[in-house]
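K.L.:
Input coords_14.csv, format and content: CSV, N, CA and C atoms.
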chain,number,residue,atom,x,y,z
X,230,MET,N,50.2,10.0,-8.2
X,230,MET,CA,49.7,10.6,-6.9
X,230,MET,C,48.3,11.0,-7.0
X,231,ARG,N,47.9,11.7,-8.1
X,231,ARG,CA,46.5,12.1,-8.2
X,231,ARG,C,45.5,11.0,-8.3
X,232,ILE,N,45.9,9.9,-9.0
X,232,ILE,CA,45.0,8.8,-9.1
X,232,ILE,C,44.8,8.1,-7.8
X,233,LYS,N,45.8,8.1,-6.9
X,233,LYS,CA,45.7,7.5,-5.6
X,233,LYS,C,44.7,8.3,-4.8
X,234,LEU,N,44.6,9.6,-4.9
X,234,LEU,CA,43.7,10.4,-4.2
X,234,LEU,C,42.3,10.3,-4.8
X,235,LEU,N,42.2,10.1,-6.1
X,235,LEU,CA,40.9,10.1,-6.8
X,235,LEU,C,40.1,8.9,-6.3
X,236,TYR,N,40.7,7.7,-6.2
X,236,TYR,CA,39.9,6.5,-5.8
X,236,TYR,C,39.2,6.6,-4.5
X,237,PRO,N,39.8,7.1,-3.4
X,237,PRO,CA,39.1,7.2,-2.1
X,237,PRO,C,38.0,8.3,-2.2
X,238,ILE,N,38.2,9.3,-3.0
X,238,ILE,CA,37.1,10.3,-3.2
X,238,ILE,C,36.0,9.8,-3.9
X,239,MET,N,36.2,9.0,-5.0
X,239,MET,CA,35.2,8.4,-5.8
X,239,MET,C,34.4,7.4,-4.9
X,240,PHE,N,35.1,6.6,-4.1
X,240,PHE,CA,34.5,5.6,-3.2
X,240,PHE,C,33.5,6.4,-2.3
X,241,LEU,N,34.0,7.4,-1.7
X,241,LEU,CA,33.2,8.2,-0.7
X,241,LEU,C,31.9,8.8,-1.4
X,242,VAL,N,32.1,9.3,-2.6
X,242,VAL,CA,30.9,9.9,-3.3
X,242,VAL,C,29.9,8.8,-3.6
X,243,CYS,N,30.4,7.7,-4.1
X,243,CYS,CA,29.5,6.5,-4.4
X,243,CYS,C,28.8,6.0,-3.2
X,244,THR,N,29.5,6.0,-2.1
X,244,THR,CA,28.9,5.5,-0.8
X,244,THR,C,27.8,6.5,-0.3
X,245,ILE,N,28.1,7.8,-0.4
X,245,ILE,CA,27.1,8.8,0.0
X,245,ILE,C,25.9,8.7,-0.9
X,246,PHE,N,26.1,8.5,-2.2
X,246,PHE,CA,25.0,8.4,-3.1
X,246,PHE,C,24.1,7.2,-2.8
X,247,ALA,N,24.7,6.1,-2.6
X,247,ALA,CA,24.0,4.8,-2.3
X,247,ALA,C,23.2,5.0,-1.0
X,248,ILE,N,23.7,5.6,0.0
X,248,ILE,CA,23.0,5.8,1.3
X,248,ILE,C,21.8,6.7,1.1
X,249,SER,N,22.0,7.8,0.3
X,249,SER,CA,20.9,8.7,0.1
X,249,SER,C,19.8,8.1,-0.8
X,250,ALA,N,20.2,7.3,-1.8
X,250,ALA,CA,19.2,6.7,-2.7
X,250,ALA,C,18.5,5.6,-1.9
X,251,LYS,N,19.1,5.0,-1.0
X,251,LYS,CA,18.4,3.9,-0.2
X,251,LYS,C,17.3,4.4,0.6
X,252,GLY,N,17.4,5.7,1.1
X,252,GLY,CA,16.3,6.2,1.9
X,252,GLY,C,15.1,6.7,1.1
X,253,GLN,N,15.2,6.8,-0.2
X,253,GLN,CA,14.1,7.2,-1.0
X,253,GLN,C,13.3,6.0,-1.5
X,254,THR,N,12.0,6.1,-1.3
X,254,THR,CA,11.1,5.1,-1.8
X,254,THR,C,10.0,5.7,-2.7
X,255,ILE,N,9.6,5.0,-3.7
X,255,ILE,CA,8.5,5.5,-4.6
X,255,ILE,C,7.3,4.7,-4.3
X,256,ASP,N,6.2,5.4,-3.9
X,256,ASP,CA,4.9,4.7,-3.6
X,256,ASP,C,4.4,4.2,-4.9
X,257,THR,N,3.7,3.0,-4.8
X,257,THR,CA,3.0,2.4,-5.9
X,257,THR,C,1.5,2.7,-5.7
X,258,SER,N,0.8,2.9,-6.7
X,258,SER,CA,-0.7,3.1,-6.6
X,258,SER,C,-1.4,2.0,-7.4
X,259,ILE,N,-2.4,1.5,-6.7
X,259,ILE,CA,-3.3,0.5,-7.3
X,259,ILE,C,-4.7,0.9,-7.1
X,260,THR,N,-5.6,0.4,-8.0
X,260,THR,CA,-7.0,0.6,-7.9
X,260,THR,C,-7.6,-0.8,-7.8
X,261,LEU,N,-8.3,-1.0,-6.8
X,261,LEU,CA,-8.9,-2.4,-6.6
X,261,LEU,C,-10.5,-2.2,-6.6
X,262,LYS,N,-11.1,-3.3,-7.2
X,262,LYS,CA,-12.5,-3.4,-7.2
X,262,LYS,C,-12.9,-4.4,-6.1
X,263,VAL,N,-13.8,-4.0,-5.2
X,263,VAL,CA,-14.2,-4.9,-4.1
X,263,VAL,C,-15.7,-5.1,-4.2
X,264,LYS,N,-16.1,-6.4,-4.1
X,264,LYS,CA,-17.5,-6.8,-4.1
X,264,LYS,C,-17.9,-7.1,-2.7
X,265,GLY,N,-19.2,-7.0,-2.5
X,265,GLY,CA,-19.8,-7.4,-1.2
X,265,GLY,C,-20.1,-6.2,-0.3
X,266,ILE,N,-19.9,-5.0,-0.8
X,266,ILE,CA,-20.2,-3.8,0.0
X,266,ILE,C,-21.7,-3.4,-0.1
X,267,THR,N,-22.3,-3.2,1.0
X,267,THR,CA,-23.7,-2.9,1.0
X,267,THR,C,-24.1,-1.5,1.5
X,268,CYS,N,-23.1,-0.9,2.2
X,268,CYS,CA,-23.4,0.4,2.8
X,268,CYS,C,-22.1,1.2,3.0
X,269,SER,N,-22.3,2.5,3.3
X,269,SER,CA,-21.1,3.4,3.5
X,269,SER,C,-20.2,3.0,4.7
X,270,SER,N,-20.8,2.3,5.7
X,270,SER,CA,-20.0,1.8,6.8
X,270,SER,C,-19.1,0.7,6.4
X,271,ASP,N,-19.5,-0.1,5.4
X,271,ASP,CA,-18.5,-1.1,4.9
X,271,ASP,C,-17.3,-0.4,4.2
X,272,LEU,N,-17.5,0.6,3.5
X,272,LEU,CA,-16.4,1.4,2.8
X,272,LEU,C,-15.5,1.9,3.9
X,273,LYS,N,-16.0,2.5,4.9
X,273,LYS,CA,-15.2,3.1,6.0
X,273,LYS,C,-14.4,2.0,6.8
X,274,MET,N,-15.0,0.8,7.0
X,274,MET,CA,-14.4,-0.2,7.7
X,274,MET,C,-13.2,-0.8,6.9
X,275,ILE,N,-13.4,-0.9,5.6
X,275,ILE,CA,-12.3,-1.4,4.7
X,275,ILE,C,-11.2,-0.4,4.7
X,276,LYS,N,-11.5,0.9,4.5
X,276,LYS,CA,-10.5,1.9,4.5
X,276,LYS,C,-9.7,2.0,5.7
X,277,THR,N,-10.3,1.9,6.9
X,277,THR,CA,-9.6,1.9,8.2
X,277,THR,C,-8.7,0.7,8.3
X,278,SER,N,-9.2,-0.5,7.9
X,278,SER,CA,-8.4,-1.7,7.9
X,278,SER,C,-7.1,-1.6,7.1
X,279,VAL,N,-7.3,-1.1,5.9
X,279,VAL,CA,-6.2,-1.0,4.9
X,279,VAL,C,-5.2,0.0,5.5
X,280,GLU,N,-5.6,1.1,6.0
X,280,GLU,CA,-4.7,2.2,6.5
X,280,GLU,C,-3.9,1.7,7.7
X,281,LYS,N,-4.3,0.7,8.4
X,281,LYS,CA,-3.5,0.1,9.5
X,281,LYS,C,-2.3,-0.6,9.0
X,282,LEU,N,-2.3,-1.1,7.8
X,282,LEU,CA,-1.1,-1.8,7.2
X,282,LEU,C,0.1,-0.9,7.2
X,283,GLU,N,1.3,-1.4,7.5
X,283,GLU,CA,2.5,-0.7,7.4
X,283,GLU,C,2.8,-0.4,5.9
X,284,GLY,N,3.2,0.8,5.6
X,284,GLY,CA,3.5,1.2,4.2
X,284,GLY,C,2.4,1.8,3.4
X,285,ILE,N,1.2,1.9,4.0
X,285,ILE,CA,0.1,2.5,3.3
X,285,ILE,C,0.1,4.0,3.5
X,286,SER,N,0.2,4.8,2.4
X,286,SER,CA,0.2,6.2,2.6
X,286,SER,C,-1.1,6.9,2.3
X,287,GLU,N,-2.0,6.1,1.6
X,287,GLU,CA,-3.3,6.7,1.2
X,287,GLU,C,-4.3,5.6,0.8
X,288,CYS,N,-5.5,5.7,1.2
X,288,CYS,CA,-6.6,4.8,0.7
X,288,CYS,C,-7.8,5.7,0.5
X,289,LYS,N,-8.1,5.9,-0.8
X,289,LYS,CA,-9.3,6.7,-1.2
X,289,LYS,C,-10.4,5.8,-1.6
X,290,ILE,N,-11.6,6.1,-1.2
X,290,ILE,CA,-12.8,5.4,-1.5
X,290,ILE,C,-13.4,5.9,-2.8
X,291,GLY,N,-13.7,5.1,-3.7
X,291,GLY,CA,-14.4,5.5,-4.9
X,291,GLY,C,-15.9,5.4,-4.7
X,292,LYS,N,-16.7,5.5,-5.8
X,292,LYS,CA,-18.1,5.5,-5.7
X,292,LYS,C,-18.6,4.1,-5.2
X,293,GLN,N,-19.6,4.2,-4.3
X,293,GLN,CA,-20.2,2.9,-3.8
X,293,GLN,C,-21.1,2.3,-4.8
X,294,GLY,N,-21.1,1.0,-5.0
X,294,GLY,CA,-22.0,0.3,-5.9
X,294,GLY,C,-21.8,-1.2,-5.6
X,295,ALA,N,-22.4,-2.0,-6.5
X,295,ALA,CA,-22.3,-3.4,-6.4
X,295,ALA,C,-20.8,-3.8,-6.3
X,296,THR,N,-20.0,-3.1,-7.1
X,296,THR,CA,-18.5,-3.3,-7.0
X,296,THR,C,-18.0,-1.9,-6.7
X,297,SER,N,-17.3,-1.7,-5.6
X,297,SER,CA,-16.8,-0.4,-5.2
X,297,SER,C,-15.3,-0.4,-5.5
X,298,LYS,N,-14.7,0.8,-5.8
X,298,LYS,CA,-13.3,1.0,-6.1
X,298,LYS,C,-12.6,1.7,-4.9
X,299,PHE,N,-11.4,1.2,-4.7
X,299,PHE,CA,-10.5,1.8,-3.7
X,299,PHE,C,-9.1,2.1,-4.4
X,300,THR,N,-8.6,3.3,-4.3
X,300,THR,CA,-7.3,3.6,-4.8
X,300,THR,C,-6.4,3.7,-3.7
X,301,ILE,N,-5.3,2.9,-3.7
X,301,ILE,CA,-4.4,2.8,-2.6
X,301,ILE,C,-3.0,3.1,-3.0
X,302,LYS,N,-2.3,3.9,-2.2
X,302,LYS,CA,-0.9,4.2,-2.4
X,302,LYS,C,-0.2,3.5,-1.3
X,303,TYR,N,0.9,2.8,-1.7
X,303,TYR,CA,1.6,2.0,-0.7
X,303,TYR,C,3.1,1.9,-1.1
X,304,ASN,N,3.9,1.6,-0.1
X,304,ASN,CA,5.4,1.4,-0.3
X,304,ASN,C,5.6,-0.1,-0.5
X,305,PRO,N,6.0,-0.5,-1.7
X,305,PRO,CA,6.1,-1.9,-2.0
X,305,PRO,C,7.2,-2.6,-1.2
X,306,GLN,N,8.1,-1.8,-0.6
X,306,GLN,CA,9.1,-2.4,0.3
X,306,GLN,C,8.6,-2.8,1.7
X,307,LEU,N,7.4,-2.2,2.0
X,307,LEU,CA,6.9,-2.5,3.3
X,307,LEU,C,5.6,-3.4,3.3
X,308,THR,N,4.9,-3.4,2.2
X,308,THR,CA,3.7,-4.2,2.1
X,308,THR,C,3.5,-4.6,0.6
X,309,THR,N,2.7,-5.6,0.4
X,309,THR,CA,2.5,-6.1,-1.0
X,309,THR,C,1.0,-6.1,-1.3
X,310,GLU,N,0.7,-6.3,-2.6
X,310,GLU,CA,-0.7,-6.3,-3.0
X,310,GLU,C,-1.4,-7.4,-2.3
X,311,LYS,N,-0.7,-8.6,-2.2
X,311,LYS,CA,-1.4,-9.7,-1.5
X,311,LYS,C,-1.7,-9.4,-0.1
X,312,ASP,N,-0.9,-8.6,0.6
X,312,ASP,CA,-1.2,-8.2,2.0
X,312,ASP,C,-2.5,-7.3,2.0
X,313,ILE,N,-2.6,-6.4,1.0
X,313,ILE,CA,-3.7,-5.6,1.0
X,313,ILE,C,-5.0,-6.4,0.7
X,314,TYR,N,-4.9,-7.3,-0.3
X,314,TYR,CA,-6.1,-8.2,-0.6
X,314,TYR,C,-6.5,-9.0,0.7
X,315,LYS,N,-5.5,-9.5,1.4
X,315,LYS,CA,-5.8,-10.3,2.7
X,315,LYS,C,-6.6,-9.4,3.7
X,316,VAL,N,-6.1,-8.2,3.9
X,316,VAL,CA,-6.7,-7.3,4.8
X,316,VAL,C,-8.2,-7.0,4.4
X,317,ILE,N,-8.3,-6.7,3.1
X,317,ILE,CA,-9.7,-6.3,2.7
X,317,ILE,C,-10.6,-7.5,2.8
X,318,GLU,N,-10.2,-8.7,2.4
X,318,GLU,CA,-11.0,-9.9,2.5
X,318,GLU,C,-11.2,-10.4,3.9
X,319,GLY,N,-10.3,-10.0,4.8
X,319,GLY,CA,-10.4,-10.4,6.2
X,319,GLY,C,-11.1,-9.4,7.1
X,320,THR,N,-11.6,-8.3,6.5
X,320,THR,CA,-12.4,-7.4,7.3
X,320,THR,C,-13.8,-7.9,7.5
X,321,GLY,N,-14.3,-7.8,8.7
X,321,GLY,CA,-15.6,-8.3,9.0
X,321,GLY,C,-16.7,-7.3,8.5
X,322,GLY,N,-17.8,-7.8,8.1
X,322,GLY,CA,-18.9,-7.0,7.6
X,322,GLY,C,-19.5,-6.2,8.8
X,323,CYS,N,-20.1,-5.1,8.4
X,323,CYS,CA,-20.7,-4.2,9.4
X,323,CYS,C,-22.0,-4.7,10.0
X,324,GLU,N,-22.8,-5.5,9.3
X,324,GLU,CA,-24.0,-6.1,9.8
X,324,GLU,C,-23.7,-7.3,10.6
X,325,LYS,N,-22.8,-8.1,10.1
X,325,LYS,CA,-22.4,-9.4,10.7
X,325,LYS,C,-20.9,-9.5,10.8
X,326,PRO,N,-20.3,-8.9,11.9
X,326,PRO,CA,-18.8,-8.9,12.0
X,326,PRO,C,-18.1,-10.2,11.9
X,327,ASP,N,-18.8,-11.3,12.2
X,327,ASP,CA,-18.1,-12.6,12.1
X,327,ASP,C,-18.0,-13.1,10.7
X,328,GLU,N,-18.7,-12.5,9.8
X,328,GLU,CA,-18.6,-12.9,8.4
X,328,GLU,C,-17.6,-12.1,7.6
X,329,ARG,N,-17.0,-12.6,6.5
X,329,ARG,CA,-16.1,-11.9,5.7
X,329,ARG,C,-16.6,-11.8,4.3
X,330,PRO,N,-17.5,-10.8,4.1
X,330,PRO,CA,-18.3,-10.7,2.9
X,330,PRO,C,-17.5,-10.1,1.7
X,331,TYR,N,-16.4,-9.4,1.9
X,331,TYR,CA,-15.7,-8.6,0.9
X,331,TYR,C,-14.8,-9.5,0.1
X,332,LYS,N,-14.8,-9.3,-1.2
X,332,LYS,CA,-13.9,-10.0,-2.1
X,332,LYS,C,-13.3,-9.0,-3.1
X,333,VAL,N,-12.0,-9.1,-3.2
X,333,VAL,CA,-11.3,-8.3,-4.2
X,333,VAL,C,-11.5,-8.9,-5.6
X,334,LYS,N,-11.9,-8.1,-6.5
X,334,LYS,CA,-12.2,-8.6,-7.9
X,334,LYS,C,-10.9,-8.5,-8.7
X,335,LEU,N,-10.4,-9.6,-9.1
X,335,LEU,CA,-9.1,-9.6,-9.9
X,335,LEU,C,-9.3,-9.6,-11.3
Starting from the file, lay out its structure as structure tokens.
P.N.:
Amino acid sequence: MRIKLLYPIMFLVCTIFAISAKGQTIDTSITLKVKGITCSSDLKMIKTSVEKLEGISECKIGKQGATSKFTIKYNPQLTTEKDIYKVIEGTGGCEKPDERPYKVKL
């Protein structure tokens, strides 16, 4: 009799655990080097573009230079590194918006 009661209780506990674990996500952090940046407006434009992606929780700009760094925290269930690369490389330049001067350095 006790075993028959134990199985439904174990099933219920496992189901509740699975549902609560499903809602938890762990953000992934990457640091990308981007070439083609010539001014601080470029940095801001890229940051704004990346932050519009679903799943991005943070985009920090590093020091500006010939190759600038961005540290990005994102939910890998909602976006991928390739999505982030595409957005960065698809952002128009501040001086010539029709051009796509930024390249992610792999």
K.L.:
In the coordinate frame of the file, compute which residues have an atom within 7 Å of (-23.2, -6.3, -7.6) when using all atoms listed in the file, and state them as a list in words.
P.N.:
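Checked against the point, the hits come out as Lys264, Gly265, Gly294, Ala295 and Thr296 of chain X.
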K.L.:
Given all atoms listed in the file as the basis, pick out the residue of X:Leu282, X:Glu328, X:Phe299, X:Lys276 nearest to Val263 (chain X).
P.N.:
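That would be X:Phe299, the residue with the smallest distance to Val263 (chain X).
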K.L.:
From the list X:Lys311, X:Lys298, X:Lys289, X:Lys325, which residue is nearest Lys262 (chain X) when using only C-alpha atoms?
P.N.:
X:Lys298
K.L.:
Find, counting only C-alpha atoms, the residue in X:Gly322, X:Thr260, X:Lys334, X:Gln306 that gets nearest to Gly284 (chain X).
P.N.:
X:Gln306
K.L.:
Write out as a PyMOL selection string which residues come within 8 Å of Glu324 (chain X) when counting all atoms listed in the file, dropping same-chain ones fewer than 3 positions away.
P.N.:
chain X and resi 270-271+321+327-328
K.L.:
Just N, CA and C atoms for this one: save the residues we selected as a PDB file, keeping the file's coordinate frame.
P.N.:
ATOM      1  N   SER X 270     -20.800   2.300   5.700  1.00  0.00           N
ATOM      2  CA  SER X 270     -20.000   1.800   6.800  1.00  0.00           C
ATOM      3  C   SER X 270     -19.100   0.700   6.400  1.00  0.00           C
ATOM      4  N   ASP X 271     -19.500  -0.100   5.400  1.00  0.00           N
ATOM      5  CA  ASP X 271     -18.500  -1.100   4.900  1.00  0.00           C
ATOM      6  C   ASP X 271     -17.300  -0.400   4.200  1.00  0.00           C
ATOM      7  N   GLY X 321     -14.300  -7.800   8.700  1.00  0.00           N
ATOM      8  CA  GLY X 321     -15.600  -8.300   9.000  1.00  0.00           C
ATOM      9  C   GLY X 321     -16.700  -7.300   8.500  1.00  0.00           C
ATOM     10  N   ASP X 327     -18.800 -11.300  12.200  1.00  0.00           N
ATOM     11  CA  ASP X 327     -18.100 -12.600  12.100  1.00  0.00           C
ATOM     12  C   ASP X 327     -18.000 -13.100  10.700  1.00  0.00           C
ATOM     13  N   GLU X 328     -18.700 -12.500   9.800  1.00  0.00           N
ATOM     14  CA  GLU X 328     -18.600 -12.900   8.400  1.00  0.00           C
ATOM     15  C   GLU X 328     -17.600 -12.100   7.600  1.00  0.00           C
TER      16      GLU X 328
END
